[in-house]
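Source file run31.tsv; content: TSV, C-alpha atoms.
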chain	number	residue	atom	x	y	z
A	1	MET	CA	6.76	19.96	-16.39
A	2	ALA	CA	6.43	16.30	-17.37
A	3	VAL	CA	5.86	13.83	-14.55
A	4	TRP	CA	9.13	12.12	-15.51
A	5	ASP	CA	11.11	15.18	-14.41
A	6	ASP	CA	10.59	14.06	-10.80
A	7	LEU	CA	12.72	10.94	-11.41
A	8	VAL	CA	16.22	12.12	-10.59
A	9	GLY	CA	19.16	10.15	-11.96
A	10	GLN	CA	16.98	7.22	-13.09
A	11	ASP	CA	17.33	7.41	-16.88
A	12	GLN	CA	17.10	3.67	-17.51
A	13	VAL	CA	14.02	3.23	-15.34
A	14	THR	CA	12.37	6.28	-16.90
A	15	ALA	CA	12.95	4.93	-20.41
A	16	GLN	CA	11.30	1.61	-19.51
A	17	LEU	CA	8.28	3.34	-17.96
A	18	VAL	CA	7.85	5.69	-20.92
A	19	ASP	CA	7.87	2.72	-23.32
A	20	ALA	CA	5.32	0.88	-21.17
A	21	SER	CA	3.06	3.94	-20.94
A	22	ARG	CA	3.11	4.28	-24.74
A	23	ASP	CA	1.99	0.66	-25.15
A	24	ALA	CA	-0.67	1.14	-22.46
A	25	ASP	CA	-1.94	4.24	-24.27
A	26	ARG	CA	-2.12	2.38	-27.58
A	27	PHE	CA	-4.13	-0.41	-25.97
A	28	VAL	CA	-6.71	1.84	-24.30
A	29	THR	CA	-7.04	4.11	-27.34
A	30	ALA	CA	-7.65	1.14	-29.62
A	31	ALA	CA	-10.23	-0.26	-27.20
A	32	ALA	CA	-12.05	3.09	-27.04
A	33	GLU	CA	-12.23	3.19	-30.83
A	34	GLY	CA	-13.69	-0.31	-30.92
A	35	SER	CA	-10.66	-1.74	-32.67
A	36	ALA	CA	-8.72	-3.23	-29.78
A	37	GLU	CA	-5.76	-5.11	-31.15
A	38	GLU	CA	-3.28	-7.45	-29.58
A	39	ILE	CA	-0.12	-5.49	-28.87
A	40	THR	CA	2.70	-7.89	-29.54
A	41	ALA	CA	5.88	-7.65	-27.49
A	42	SER	CA	4.20	-5.08	-25.26
A	43	LYS	CA	6.34	-3.45	-22.61
A	44	MET	CA	3.21	-2.95	-20.50
A	45	THR	CA	2.14	-5.42	-17.84
A	46	HIS	CA	-0.39	-5.50	-15.00
A	47	ALA	CA	2.00	-5.69	-12.01
A	48	TRP	CA	5.22	-3.80	-11.29
A	49	LEU	CA	7.67	-3.92	-8.40
A	50	PHE	CA	9.82	-0.84	-7.69
A	51	THR	CA	12.82	-1.48	-5.46
A	52	GLY	CA	15.69	0.70	-4.31
A	53	PRO	CA	17.33	2.22	-1.23
A	54	PRO	CA	15.70	5.03	0.77
A	55	GLY	CA	15.76	8.27	-1.19
A	56	SER	CA	16.01	6.57	-4.58
A	57	GLY	CA	12.47	7.61	-5.47
A	58	ARG	CA	10.50	4.35	-5.50
A	59	SER	CA	7.13	5.96	-4.72
A	60	THR	CA	7.94	8.93	-6.96
A	61	ALA	CA	8.52	6.59	-9.89
A	62	ALA	CA	5.31	4.69	-9.16
A	63	ARG	CA	3.27	7.91	-8.97
A	64	ALA	CA	4.81	9.26	-12.17
A	65	PHE	CA	3.93	6.02	-13.96
A	66	ALA	CA	0.39	6.14	-12.56
A	67	ALA	CA	0.02	9.69	-13.88
A	68	SER	CA	1.29	8.68	-17.32
A	69	LEU	CA	-1.28	5.86	-17.47
A	70	GLN	CA	-4.06	8.40	-16.85
A	71	CYS	CA	-2.62	11.06	-19.21
A	72	VAL	CA	-5.12	12.51	-21.70
A	73	SER	CA	-2.87	15.09	-23.33
A	74	PRO	CA	-3.62	15.67	-27.06
A	75	ASP	CA	0.15	15.60	-27.68
A	76	ARG	CA	0.00	11.80	-27.46
A	77	LYS	CA	-1.50	11.68	-30.96
A	78	LEU	CA	1.45	13.69	-32.24
A	79	GLY	CA	3.98	11.26	-30.83
A	80	GLY	CA	4.41	12.81	-27.40
A	81	ALA	CA	5.00	10.50	-24.48
A	82	PRO	CA	2.16	10.13	-21.94
A	83	GLY	CA	2.86	11.93	-18.70
A	84	CYS	CA	2.68	15.57	-19.77
A	85	GLY	CA	2.12	16.76	-16.20
A	86	PHE	CA	-0.47	19.37	-17.20
A	87	CYS	CA	-3.63	17.53	-18.29
A	88	ASP	CA	-6.45	16.64	-15.91
A	89	GLY	CA	-5.37	13.00	-15.66
A	90	CYS	CA	-1.77	13.86	-14.76
A	91	HIS	CA	-2.67	16.70	-12.40
A	92	THR	CA	-5.30	14.84	-10.37
A	93	THR	CA	-3.04	11.80	-10.06
A	94	THR	CA	-0.13	13.93	-8.90
A	95	VAL	CA	-2.16	15.71	-6.21
A	96	GLY	CA	-3.87	12.48	-5.13
A	97	THR	CA	-7.47	13.17	-6.18
A	98	HIS	CA	-7.87	10.94	-9.24
A	99	ALA	CA	-10.87	8.64	-8.82
A	100	ASP	CA	-9.09	5.67	-10.41
A	101	VAL	CA	-5.75	5.93	-8.61
A	102	GLU	CA	-5.50	4.54	-5.07
A	103	ILE	CA	-2.26	5.39	-3.26
A	104	VAL	CA	-1.71	3.28	-0.15
A	105	ARG	CA	0.84	4.16	2.52
A	106	THR	CA	0.91	3.35	6.21
A	107	ASP	CA	2.69	4.35	9.41
A	108	LEU	CA	1.84	0.98	10.95
A	109	LEU	CA	4.24	-1.93	11.17
A	110	SER	CA	2.17	-4.10	8.85
A	111	ILE	CA	-0.64	-4.17	6.30
A	112	GLY	CA	-3.20	-6.82	7.18
A	113	VAL	CA	-5.60	-9.10	5.38
A	114	LYS	CA	-8.65	-6.84	5.77
A	115	GLU	CA	-6.98	-3.82	4.18
A	116	THR	CA	-5.61	-5.95	1.36
A	117	ARG	CA	-9.00	-7.50	0.63
A	118	ASP	CA	-10.48	-4.00	0.32
A	119	LEU	CA	-7.79	-3.16	-2.25
A	120	VAL	CA	-8.43	-6.38	-4.16
A	121	ARG	CA	-12.15	-5.62	-4.34
A	122	ARG	CA	-11.40	-2.17	-5.71
A	123	ALA	CA	-8.97	-3.63	-8.24
A	124	GLN	CA	-11.77	-5.72	-9.75
A	125	LEU	CA	-13.73	-2.59	-10.70
A	126	SER	CA	-13.58	-0.98	-14.12
A	127	PRO	CA	-12.11	2.53	-14.27
A	128	ALA	CA	-14.73	5.09	-13.24
A	129	GLY	CA	-13.56	7.77	-15.63
A	130	GLY	CA	-9.87	7.30	-16.22
A	131	ARG	CA	-8.00	5.00	-18.55
A	132	TRP	CA	-6.75	2.48	-15.96
A	133	GLN	CA	-7.53	1.40	-12.41
A	134	VAL	CA	-4.19	1.91	-10.64
A	135	ILE	CA	-3.27	0.69	-7.14
A	136	VAL	CA	-0.01	2.13	-5.77
A	137	LEU	CA	1.15	0.19	-2.70
A	138	GLU	CA	4.06	2.22	-1.33
A	139	ASP	CA	4.83	-0.17	1.54
A	140	ALA	CA	4.53	-3.60	-0.05
A	141	ASP	CA	7.27	-4.83	2.28
A	142	ARG	CA	4.85	-4.43	5.21
A	143	LEU	CA	2.30	-6.94	3.92
A	144	THR	CA	1.75	-9.79	6.34
A	145	GLU	CA	2.02	-13.31	4.96
A	146	GLY	CA	-1.76	-13.61	4.89
A	147	ALA	CA	-2.15	-10.27	3.15
A	148	GLY	CA	0.49	-11.26	0.62
A	149	ASN	CA	-1.46	-14.42	-0.23
A	150	VAL	CA	-4.61	-12.34	-0.74
A	151	LEU	CA	-2.73	-9.99	-3.05
A	152	LEU	CA	-1.17	-12.89	-4.93
A	153	LYS	CA	-4.54	-14.13	-6.16
A	154	ALA	CA	-5.43	-10.67	-7.47
A	155	ILE	CA	-2.13	-10.44	-9.35
A	156	GLU	CA	-2.54	-13.94	-10.78
A	157	GLU	CA	-6.03	-13.12	-12.10
A	158	PRO	CA	-5.93	-9.38	-12.89
A	159	ALA	CA	-8.83	-7.35	-14.21
A	160	PRO	CA	-8.25	-6.24	-17.84
A	161	ARG	CA	-7.47	-2.61	-17.04
A	162	THR	CA	-6.06	-2.78	-13.52
A	163	VAL	CA	-2.39	-2.10	-12.74
A	164	TRP	CA	-0.63	-2.87	-9.45
A	165	LEU	CA	2.43	-0.76	-8.60
A	166	LEU	CA	4.28	-2.16	-5.57
A	167	CYS	CA	7.19	-0.46	-3.80
A	168	ALA	CA	9.71	-2.12	-1.49
A	169	PRO	CA	13.34	-1.57	-0.45
A	170	SER	CA	14.51	-4.87	-1.98
A	171	LEU	CA	13.33	-8.08	-3.63
A	172	GLU	CA	13.80	-9.99	-0.37
A	173	ASP	CA	11.15	-7.81	1.30
A	174	VAL	CA	8.40	-9.25	-0.94
A	175	LEU	CA	7.06	-12.79	-1.08
A	176	PRO	CA	8.78	-14.82	-3.85
A	177	THR	CA	5.40	-15.76	-5.33
A	178	ILE	CA	4.49	-12.07	-5.72
A	179	ARG	CA	7.79	-10.80	-7.06
A	180	SER	CA	7.89	-13.59	-9.63
A	181	ARG	CA	4.66	-12.22	-11.13
A	182	CYS	CA	5.80	-8.58	-11.26
A	183	ARG	CA	8.05	-6.73	-13.63
A	184	LEU	CA	11.01	-5.53	-11.60
A	185	LEU	CA	12.46	-2.02	-11.74
A	186	THR	CA	15.50	-1.34	-9.57
A	187	LEU	CA	16.27	2.28	-8.72
A	188	ARG	CA	19.63	3.53	-7.50
A	189	THR	CA	20.62	6.33	-5.17
A	190	PRO	CA	20.64	9.46	-7.35
A	191	PRO	CA	24.05	11.07	-8.00
A	192	VAL	CA	24.75	14.14	-5.88
A	193	ASP	CA	25.15	16.33	-8.97
A	194	ALA	CA	21.74	15.26	-10.29
A	195	VAL	CA	20.04	16.06	-6.98
A	196	ALA	CA	21.73	19.47	-6.84
A	197	ASP	CA	20.68	20.19	-10.42
A	198	VAL	CA	17.01	19.44	-9.77
A	199	LEU	CA	17.01	21.62	-6.65
A	200	VAL	CA	18.33	24.53	-8.72
A	201	ARG	CA	16.10	23.92	-11.71
A	202	ARG	CA	12.82	23.05	-10.02
A	203	ASP	CA	13.01	24.71	-6.60
A	204	GLY	CA	15.05	27.79	-7.43
A	205	ILE	CA	17.75	27.01	-4.86
A	206	GLU	CA	21.11	28.77	-5.12
A	207	PRO	CA	23.65	26.41	-6.75
A	208	GLU	CA	26.09	26.46	-3.81
A	209	LEU	CA	23.36	25.71	-1.25
A	210	ALA	CA	21.89	23.03	-3.51
A	211	ALA	CA	25.25	21.30	-3.83
A	212	GLN	CA	25.86	21.45	-0.07
A	213	SER	CA	22.43	20.01	0.70
A	214	ALA	CA	22.81	17.21	-1.86
A	215	ARG	CA	26.20	16.21	-0.44
A	216	ALA	CA	24.98	16.39	3.16
A	217	THR	CA	22.04	14.05	2.48
A	218	GLN	CA	24.05	11.67	0.25
A	219	GLY	CA	21.67	11.88	-2.68
A	220	HIS	CA	18.38	11.59	-0.76
A	221	ILE	CA	16.31	14.10	-2.72
A	222	GLY	CA	13.52	14.54	-0.16
A	223	ARG	CA	15.95	15.31	2.65
A	224	ALA	CA	18.07	17.48	0.36
A	225	ARG	CA	15.06	19.59	-0.57
A	226	ARG	CA	14.08	20.06	3.06
A	227	LEU	CA	17.61	20.99	4.07
A	228	ALA	CA	17.87	23.47	1.20
A	229	THR	CA	14.50	25.12	1.82
A	230	ASP	CA	14.27	25.07	5.62
A	231	GLU	CA	16.73	27.31	7.47
A	232	ARG	CA	15.75	25.77	10.81
A	233	ALA	CA	16.65	22.32	9.53
A	234	ARG	CA	20.08	23.60	8.54
A	235	ALA	CA	20.52	25.20	11.96
A	236	ARG	CA	19.57	21.95	13.74
A	237	ARG	CA	22.00	19.97	11.60
A	238	ALA	CA	24.81	22.43	12.34
A	239	ALA	CA	24.11	22.21	16.08
A	240	VAL	CA	24.13	18.40	16.04
A	241	LEU	CA	27.42	18.31	14.12
A	242	LYS	CA	29.03	20.49	16.79
A	243	LEU	CA	28.11	18.13	19.64
A	244	PRO	CA	31.08	15.75	19.23
A	245	MET	CA	33.46	18.71	19.49
A	246	ARG	CA	32.20	19.33	23.02
A	247	VAL	CA	33.01	15.81	24.22
A	248	ASP	CA	36.65	16.02	25.29
A	249	ASP	CA	36.65	13.98	28.50
A	250	VAL	CA	34.81	11.17	30.28
A	251	GLY	CA	32.59	13.61	32.14
A	252	GLY	CA	31.55	15.22	28.87
A	253	CYS	CA	30.61	11.82	27.48

Show this structure as structure tokens.
Amino acid sequence: MAVWDDLVGQDQVTAQLVDASRDADRFVTAAAEGSAEEITASKMTHAWLFTGPPGSGRSTAARAFAASLQCVSPDRKLGGAPGCGFCDGCHTTTVGTHADVEIVRTDLLSIGVKETRDLVRRAQLSPAGGRWQVIVLEDADRLTEGAGNVLLKAIEEPAPRTVWLLCAPSLEDVLPTIRSRCRLLTLRTPPVDAVADVLVRRDGIEPELAAQSARATQGHIGRARRLATDERARARRAAVLKLPMRVDDVGGC
């Protein structure tokens, strides 16, 4: 299964990322053969900003793109798009063990200067064994102003084979100086039918249950999958929905 299959209802975004990964693959392949050439009108760039509402798949898109940049499938030479999902580069990126892919997420309210400086130092390194050094910052909206200024310098003066993939709910959640130096990709809430289809196709969920879960979660694929695969989650939801029916007087309230 190609890494792009995880992007549900995001055809336009997927097409842009596939084109960029092809150009990135051409660049690295030419460099490895000692005949690096200038790729004119390249769709690849060193900094990307993924925005979209919760459940749209911002981090999923960033991870899929990171995997495609590390893809080493032989099908690429036959015209196949990077991001096969099966090669060592794709697999290790997907499971989070690739040496040249750093995925940053936090449960804290903010990401400070110290953590950002550590990322910037890593970004200056050449890839250890992969094709690109990729930094996925899933919570770019939590950067403090100081941390954002540290990141800005790294984006202004990028290393030749380093790619920054930033995720945030909206453009307004990122410093203007940073977003102006990134290529923007805006994701939308996936259609309910598309979410139901992927639950059936990829998770083996019964069509009726998949459709119910997709409607109940309003297109949020992560919540839809949990609701469809966890009977206890469905039971809790049913119990909560019954609570208003029990409130029929002031005492009940």

- Polymer residues at most 12 Å from Ala214 of chain A, only C-alpha atoms, same-chain spacing of 4 or more positions, as a count of residues only: 29

- Item | Residue with smallest distance to Arg122 of chain A - pool A:Thr162, A:Ala140, A:Ala24, A:Leu109, counting only C-alpha atoms | A:Thr162

- Query: By how many Å are atom CA of Arg76 of chain A and atom CA of Thr29 of chain A apart?
  - Reply: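 Separation of atom CA of Arg76 of chain A and atom CA of Thr29 of chain A: 10.4 Å.
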
- Task: Please indicate the distance in Å from atom CA of Pro82 of chain A to atom CA of Arg105 of chain A, rounded to one decimal place.
- Result: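 Spanning atom CA of Pro82 of chain A to atom CA of Arg105 of chain A is a straight-line distance of 25.2 Å.
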
- Query: Out of A:Pro74, A:Gly89, A:Gly57, A:Gly252, which residue has the shortest atom-to-atom distance to Leu185 of chain A when counting all atoms listed in the file?
  - Reply: A:Gly57

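Atom CA of Thr217 of chain A sits 24.4 Å away from atom CA of Val247 of chain A.
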
- Message: Using all atoms listed in the file, which protein or nucleic acid residues come within 8 Å of segment 110-120 of chain A? Drop anything in the same chain fewer than 3 positions from it, and give the result as a ChimeraX atom specification.
- Response: /A:106,123-124,135,142-144,146-147,150-151,154

Output C-alpha atoms of each residue in that selection to a file, as a PDB file, keeping the file's coordinate frame.
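Printed below is out00.pdb as written:
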ATOM      1  CA  THR A 106       0.910   3.350   6.210  1.00  0.00           C
ATOM      2  CA  ALA A 123      -8.970  -3.630  -8.240  1.00  0.00           C
ATOM      3  CA  GLN A 124     -11.770  -5.720  -9.750  1.00  0.00           C
ATOM      4  CA  ILE A 135      -3.270   0.690  -7.140  1.00  0.00           C
ATOM      5  CA  ARG A 142       4.850  -4.430   5.210  1.00  0.00           C
ATOM      6  CA  LEU A 143       2.300  -6.940   3.920  1.00  0.00           C
ATOM      7  CA  THR A 144       1.750  -9.790   6.340  1.00  0.00           C
ATOM      8  CA  GLY A 146      -1.760 -13.610   4.890  1.00  0.00           C
ATOM      9  CA  ALA A 147      -2.150 -10.270   3.150  1.00  0.00           C
ATOM     10  CA  VAL A 150      -4.610 -12.340  -0.740  1.00  0.00           C
ATOM     11  CA  LEU A 151      -2.730  -9.990  -3.050  1.00  0.00           C
ATOM     12  CA  ALA A 154      -5.430 -10.670  -7.470  1.00  0.00           C
TER      13      ALA A 154
END
